[in-house]
Amino acid sequence: MRIRSWKARSKRALVAAALMTTVVSGTAGWTVGNEQQPLTGPPPGTSSWRADHSLGMRLPDPATASPARVAAFFDSLSAARRQELVTRHPSVVGNLDGAPIALRYEANARFLKAERKRERARATDPGLTAQDRARARALIVRYGELLAPGRQILAFDPRGRGQVAEVYGDLGRADRVSVVVPGSDIDLNTFDRANDKYGTPAGMGRSLYAAAGKRTAVVAWVGYTTPVGLGPDAATGRLAEAGGPRLARFTQGLTAAGAPRPAVFCHSYGSVVCGLAAPHLTATDLVVLGSPGMRARSVADLHTDARVWAAKDDSDWIGKVPNVELFGLGHGEDPTAPGFGARRVPAEQAEGHTGYFTPGTDSLRAFARIAGGADSAGATRTIGART
């Protein structure tokens, strides 16, 4: 009888996990996705950086030096020497966690211009296929958009599907900082797409900044390889396991550069990334919305001193995803369940899976209060919530 009961439970769990595979998709659609290879390791150009001894000293290794070590290194340099490094190694400085914020903006502008120039040459190269030339033309437009006056690009990596982080507000002077971590189907091209505006990190970031006020700053961070469409990537933690350390290092880099500890807002699959990164995140608050699970049984299982919040509206299809984790499939408990212990954020006015940052909603008002440092944010404490 016990064997039969165990088999029945296992069968139900496998069915639930299979349903997870067919349901957990990103914010952009319902097509079957391809397996993605996560982007890991140090920034592009690291080999040249390591070989540079022109300052008469060894430069901090982007792969091993802590953000605090990087910040101390730049603090020891004169303005002229900092500029030398930006000129010679923009791709490293622009993506080096712990480097001065303004210097990263400048470095990424240089790197974007260099990449645009390279794509212009590729766009007219007769040795390339028509498809490659068309892609080059598209990238020329994309890089030009990111170079528009007023945009503050804190990270930029063209490898793979491309990664980017953009700042809204004055990150160097803000009293409070927030970081938005998106879910599936987000990359360099979909970072600020026009359709489904508030389902993009740029739309979420701009909306949160407008609601939270000018004493805050918001970073929209696409610093990990996200799943594409449906498929095993969305139902497993493989990409989140690669992205978690990158997110943790990014938040550590913000504080090392002098910014306040951020509140981190994690949407959909991004909440899986945040759950795995939680023990190492430098954060005041961890807010998950439309979450399929955080690969944790409870708030205590996250091993974080950040306040943990959760939001899910009744019309969000994520509510139909079984909260299981078996044989690597599924992401575990629902963070909005009372037993999980998170502070519940009201979301009655949000609609669908990507409506949480829509202006005028109760969820955005609560997010703005969290971003501004409020204790309650209009949230309700669940049974067993941390204080």
# chains A, B, ... in the order shown; residues from 1 in each chain; ligands from 1

call {"tool": "select_by_dssp", "arguments": {"residues": "range 149-203 of chain A", "states": "helix (DSSP H, G or I)", "output": "PDB file with N, CA and C atoms, in the first residue's frame"}}
result
ATOM      1  N   LYS A 197       4.108  47.325 -22.516  1.00  0.00           N
ATOM      2  CA  LYS A 197       5.054  48.291 -21.943  1.00  0.00           C
ATOM      3  C   LYS A 197       5.452  47.959 -20.526  1.00  0.00           C
ATOM      4  N   TYR A 198       4.485  47.649 -19.663  1.00  0.00           N
ATOM      5  CA  TYR A 198       4.801  47.437 -18.258  1.00  0.00           C
ATOM      6  C   TYR A 198       5.225  46.002 -17.954  1.00  0.00           C
ATOM      7  N   GLY A 199       5.383  45.219 -19.027  1.00  0.00           N
ATOM      8  CA  GLY A 199       5.969  43.906 -18.882  1.00  0.00           C
ATOM      9  C   GLY A 199       7.443  43.900 -19.230  1.00  0.00           C
ATOM     10  N   PRO A 201      11.433  45.482 -18.492  1.00  0.00           N
ATOM     11  CA  PRO A 201      12.161  46.097 -17.376  1.00  0.00           C
ATOM     12  C   PRO A 201      12.237  47.612 -17.479  1.00  0.00           C
ATOM     13  N   ALA A 202      12.353  48.131 -18.701  1.00  0.00           N
ATOM     14  CA  ALA A 202      12.389  49.582 -18.853  1.00  0.00           C
ATOM     15  C   ALA A 202      11.063  50.203 -18.428  1.00  0.00           C
ATOM     16  N   GLY A 203       9.951  49.599 -18.860  1.00  0.00           N
ATOM     17  CA  GLY A 203       8.642  50.117 -18.479  1.00  0.00           C
ATOM     18  C   GLY A 203       8.407  50.017 -16.990  1.00  0.00           C
TER      19      GLY A 203
END

call {"tool": "select_by_dssp", "arguments": {"residues": "range 195-270 of chain A", "states": "strand (DSSP E or B)", "output": "PyMOL selection string"}}
result
chain A and resi 216-222+230+263-267

call {"tool": "closest_residue", "arguments": {"among": "A:Ile318, A:Val299, A:Pro126, A:Val288", "to": "Val345 in chain A", "atoms": "only C-alpha atoms"}}
result
A:Val288

call {"tool": "residues_around", "arguments": {"residues": "Thr284 in chain A", "least_positions_apart": "2", "cutoff": "12 Å", "atoms": "only C-alpha atoms", "output": "MDAnalysis selection string"}}
result
chainID A and resid 176:179 251 255 260:265 278 281:282 286:287 304:309 370:375

call {"tool": "write_last_selection", "arguments": {"atoms": "C-alpha atoms", "output": "mmCIF file, in the first residue's frame"}}
result
data_model
loop_
_atom_site.group_PDB
_atom_site.id
_atom_site.type_symbol
_atom_site.label_atom_id
_atom_site.label_comp_id
_atom_site.auth_asym_id
_atom_site.auth_seq_id
_atom_site.Cartn_x
_atom_site.Cartn_y
_atom_site.Cartn_z
ATOM 1 C CA ARG A 176 16.777 55.128 -1.924
ATOM 2 C CA VAL A 177 17.545 52.772 -4.814
ATOM 3 C CA SER A 178 15.559 49.959 -6.423
ATOM 4 C CA VAL A 179 16.585 47.239 -8.877
ATOM 5 C CA THR A 251 23.908 44.789 -5.890
ATOM 6 C CA THR A 255 26.789 49.776 -2.515
ATOM 7 C CA PRO A 260 22.268 52.860 -0.778
ATOM 8 C CA ARG A 261 21.327 49.216 -0.355
ATOM 9 C CA PRO A 262 18.571 48.642 -2.923
ATOM 10 C CA ALA A 263 15.097 47.187 -2.781
ATOM 11 C CA VAL A 264 15.010 44.411 -5.388
ATOM 12 C CA PHE A 265 11.807 43.825 -7.388
ATOM 13 C CA ALA A 278 18.907 36.006 -1.708
ATOM 14 C CA LEU A 281 22.017 40.025 -2.039
ATOM 15 C CA THR A 282 22.864 43.405 -0.607
ATOM 16 C CA LEU A 286 13.053 41.597 -1.736
ATOM 17 C CA VAL A 287 9.763 41.956 -3.621
ATOM 18 C CA THR A 304 18.219 36.877 3.960
ATOM 19 C CA ASP A 305 17.859 39.808 6.336
ATOM 20 C CA ALA A 306 15.887 41.726 3.699
ATOM 21 C CA ARG A 307 12.154 42.198 4.186
ATOM 22 C CA VAL A 308 10.362 39.829 1.820
ATOM 23 C CA TRP A 309 7.178 40.867 0.000
ATOM 24 C CA ILE A 370 8.608 50.087 -0.487
ATOM 25 C CA ALA A 371 10.986 51.821 -2.886
ATOM 26 C CA GLY A 372 10.735 54.937 -0.725
ATOM 27 C CA GLY A 373 11.540 53.032 2.457
ATOM 28 C CA ALA A 374 8.112 52.849 4.100
ATOM 29 C CA ASP A 375 7.593 50.139 6.706
#

call {"tool": "residues_around", "arguments": {"residues": "range 219-226 of chain A", "least_positions_apart": "2", "cutoff": "7 Å", "atoms": "only C-alpha atoms", "output": "PDB file with N, CA, C and O atoms, in the first residue's frame"}}
result
ATOM      1  N   PRO A  38      23.647  30.084 -20.764  1.00  0.00           N
ATOM      2  CA  PRO A  38      23.813  31.284 -19.946  1.00  0.00           C
ATOM      3  C   PRO A  38      25.147  31.973 -20.196  1.00  0.00           C
ATOM      4  O   PRO A  38      26.173  31.316 -20.413  1.00  0.00           O
ATOM      5  N   LEU A  39      25.100  33.290 -20.163  1.00  0.00           N
ATOM      6  CA  LEU A  39      26.311  34.088 -20.269  1.00  0.00           C
ATOM      7  C   LEU A  39      26.930  34.186 -18.880  1.00  0.00           C
ATOM      8  O   LEU A  39      26.304  34.674 -17.937  1.00  0.00           O
ATOM      9  N   GLN A 163      22.851  41.961 -23.067  1.00  0.00           N
ATOM     10  CA  GLN A 163      22.407  42.331 -21.731  1.00  0.00           C
ATOM     11  C   GLN A 163      22.626  43.820 -21.523  1.00  0.00           C
ATOM     12  O   GLN A 163      23.507  44.426 -22.132  1.00  0.00           O
ATOM     13  N   VAL A 164      21.822  44.395 -20.631  1.00  0.00           N
ATOM     14  CA  VAL A 164      21.873  45.839 -20.429  1.00  0.00           C
ATOM     15  C   VAL A 164      21.270  46.185 -19.079  1.00  0.00           C
ATOM     16  O   VAL A 164      20.414  45.453 -18.559  1.00  0.00           O
ATOM     17  N   ALA A 165      21.728  47.272 -18.497  1.00  0.00           N
ATOM     18  CA  ALA A 165      21.107  47.834 -17.292  1.00  0.00           C
ATOM     19  C   ALA A 165      21.020  49.345 -17.479  1.00  0.00           C
ATOM     20  O   ALA A 165      21.987  49.980 -17.916  1.00  0.00           O
ATOM     21  N   GLU A 166      19.850  49.909 -17.180  1.00  0.00           N
ATOM     22  CA  GLU A 166      19.635  51.348 -17.346  1.00  0.00           C
ATOM     23  C   GLU A 166      19.139  51.942 -16.041  1.00  0.00           C
ATOM     24  O   GLU A 166      18.366  51.311 -15.312  1.00  0.00           O
ATOM     25  N   VAL A 167      19.574  53.169 -15.769  1.00  0.00           N
ATOM     26  CA  VAL A 167      19.228  53.861 -14.527  1.00  0.00           C
ATOM     27  C   VAL A 167      18.237  54.979 -14.816  1.00  0.00           C
ATOM     28  O   VAL A 167      18.393  55.742 -15.780  1.00  0.00           O
ATOM     29  N   TYR A 168      17.230  55.093 -13.947  1.00  0.00           N
ATOM     30  CA  TYR A 168      16.261  56.195 -13.996  1.00  0.00           C
ATOM     31  C   TYR A 168      16.403  56.965 -12.686  1.00  0.00           C
ATOM     32  O   TYR A 168      16.259  56.396 -11.604  1.00  0.00           O
ATOM     33  N   SER A 178      16.241  51.214  -6.134  1.00  0.00           N
ATOM     34  CA  SER A 178      15.559  49.959  -6.423  1.00  0.00           C
ATOM     35  C   SER A 178      16.171  49.321  -7.661  1.00  0.00           C
ATOM     36  O   SER A 178      16.676  50.021  -8.553  1.00  0.00           O
ATOM     37  N   VAL A 179      16.118  48.000  -7.714  1.00  0.00           N
ATOM     38  CA  VAL A 179      16.585  47.239  -8.877  1.00  0.00           C
ATOM     39  C   VAL A 179      15.435  46.356  -9.347  1.00  0.00           C
ATOM     40  O   VAL A 179      14.819  45.657  -8.538  1.00  0.00           O
ATOM     41  N   VAL A 180      15.128  46.411 -10.626  1.00  0.00           N
ATOM     42  CA  VAL A 180      14.074  45.587 -11.215  1.00  0.00           C
ATOM     43  C   VAL A 180      14.718  44.435 -11.972  1.00  0.00           C
ATOM     44  O   VAL A 180      15.569  44.641 -12.838  1.00  0.00           O
ATOM     45  N   VAL A 181      14.310  43.208 -11.627  1.00  0.00           N
ATOM     46  CA  VAL A 181      14.838  41.993 -12.258  1.00  0.00           C
ATOM     47  C   VAL A 181      13.701  41.348 -13.056  1.00  0.00           C
ATOM     48  O   VAL A 181      12.710  40.907 -12.476  1.00  0.00           O
ATOM     49  N   PRO A 182      13.794  41.275 -14.376  1.00  0.00           N
ATOM     50  CA  PRO A 182      12.687  40.766 -15.195  1.00  0.00           C
ATOM     51  C   PRO A 182      12.685  39.247 -15.300  1.00  0.00           C
ATOM     52  O   PRO A 182      13.621  38.561 -14.882  1.00  0.00           O
ATOM     53  N   GLY A 183      11.616  38.735 -15.927  1.00  0.00           N
ATOM     54  CA  GLY A 183      11.481  37.315 -16.162  1.00  0.00           C
ATOM     55  C   GLY A 183      11.883  36.921 -17.568  1.00  0.00           C
ATOM     56  O   GLY A 183      12.781  37.520 -18.170  1.00  0.00           O
ATOM     57  N   SER A 184      11.204  35.939 -18.123  1.00  0.00           N
ATOM     58  CA  SER A 184      11.590  35.337 -19.396  1.00  0.00           C
ATOM     59  C   SER A 184      11.398  36.282 -20.582  1.00  0.00           C
ATOM     60  O   SER A 184      10.695  37.285 -20.503  1.00  0.00           O
ATOM     61  N   ASP A 185      12.057  35.903 -21.685  1.00  0.00           N
ATOM     62  CA  ASP A 185      11.907  36.584 -22.973  1.00  0.00           C
ATOM     63  C   ASP A 185      12.430  38.008 -22.995  1.00  0.00           C
ATOM     64  O   ASP A 185      12.002  38.819 -23.823  1.00  0.00           O
ATOM     65  N   ILE A 186      13.328  38.338 -22.080  1.00  0.00           N
ATOM     66  CA  ILE A 186      13.886  39.690 -22.030  1.00  0.00           C
ATOM     67  C   ILE A 186      15.368  39.634 -22.371  1.00  0.00           C
ATOM     68  O   ILE A 186      16.116  38.821 -21.839  1.00  0.00           O
ATOM     69  N   ASP A 187      15.785  40.540 -23.254  1.00  0.00           N
ATOM     70  CA  ASP A 187      17.193  40.664 -23.623  1.00  0.00           C
ATOM     71  C   ASP A 187      17.422  42.073 -24.141  1.00  0.00           C
ATOM     72  O   ASP A 187      16.590  42.965 -23.909  1.00  0.00           O
ATOM     73  N   PRO A 201      11.433  45.482 -18.492  1.00  0.00           N
ATOM     74  CA  PRO A 201      12.161  46.097 -17.376  1.00  0.00           C
ATOM     75  C   PRO A 201      12.237  47.612 -17.479  1.00  0.00           C
ATOM     76  O   PRO A 201      12.176  48.310 -16.462  1.00  0.00           O
ATOM     77  N   ALA A 202      12.353  48.131 -18.701  1.00  0.00           N
ATOM     78  CA  ALA A 202      12.389  49.582 -18.853  1.00  0.00           C
ATOM     79  C   ALA A 202      11.063  50.203 -18.428  1.00  0.00           C
ATOM     80  O   ALA A 202      11.035  51.215 -17.716  1.00  0.00           O
ATOM     81  N   GLY A 205      10.756  49.941 -14.654  1.00  0.00           N
ATOM     82  CA  GLY A 205      11.661  50.865 -13.986  1.00  0.00           C
ATOM     83  C   GLY A 205      11.196  52.303 -14.068  1.00  0.00           C
ATOM     84  O   GLY A 205      11.211  53.032 -13.067  1.00  0.00           O
ATOM     85  N   ALA A 217      16.116  56.333  -7.063  1.00  0.00           N
ATOM     86  CA  ALA A 217      16.623  55.950  -8.379  1.00  0.00           C
ATOM     87  C   ALA A 217      16.255  54.485  -8.592  1.00  0.00           C
ATOM     88  O   ALA A 217      16.164  53.715  -7.635  1.00  0.00           O
ATOM     89  N   VAL A 228      13.562  31.613 -23.008  1.00  0.00           N
ATOM     90  CA  VAL A 228      12.820  32.080 -24.180  1.00  0.00           C
ATOM     91  C   VAL A 228      11.589  31.212 -24.353  1.00  0.00           C
ATOM     92  O   VAL A 228      11.695  29.999 -24.552  1.00  0.00           O
ATOM     93  N   LEU A 239      19.073  28.432 -15.554  1.00  0.00           N
ATOM     94  CA  LEU A 239      19.461  29.799 -15.906  1.00  0.00           C
ATOM     95  C   LEU A 239      19.470  30.706 -14.679  1.00  0.00           C
ATOM     96  O   LEU A 239      20.282  31.631 -14.580  1.00  0.00           O
ATOM     97  N   GLY A 243      22.308  33.121 -13.132  1.00  0.00           N
ATOM     98  CA  GLY A 243      22.029  34.546 -12.970  1.00  0.00           C
ATOM     99  C   GLY A 243      22.117  35.044 -11.544  1.00  0.00           C
ATOM    100  O   GLY A 243      22.420  36.216 -11.310  1.00  0.00           O
ATOM    101  N   ARG A 246      25.358  36.715 -10.495  1.00  0.00           N
ATOM    102  CA  ARG A 246      25.538  37.982 -11.220  1.00  0.00           C
ATOM    103  C   ARG A 246      24.698  39.084 -10.586  1.00  0.00           C
ATOM    104  O   ARG A 246      25.147  40.229 -10.458  1.00  0.00           O
TER     105      ARG A 246
END

call {"tool": "closest_residue", "arguments": {"among": "A:Gln83, A:Ser47, A:Asn34, A:Ser76", "to": "Pro62 in chain A", "atoms": "only C-alpha atoms"}}
result
A:Ser47
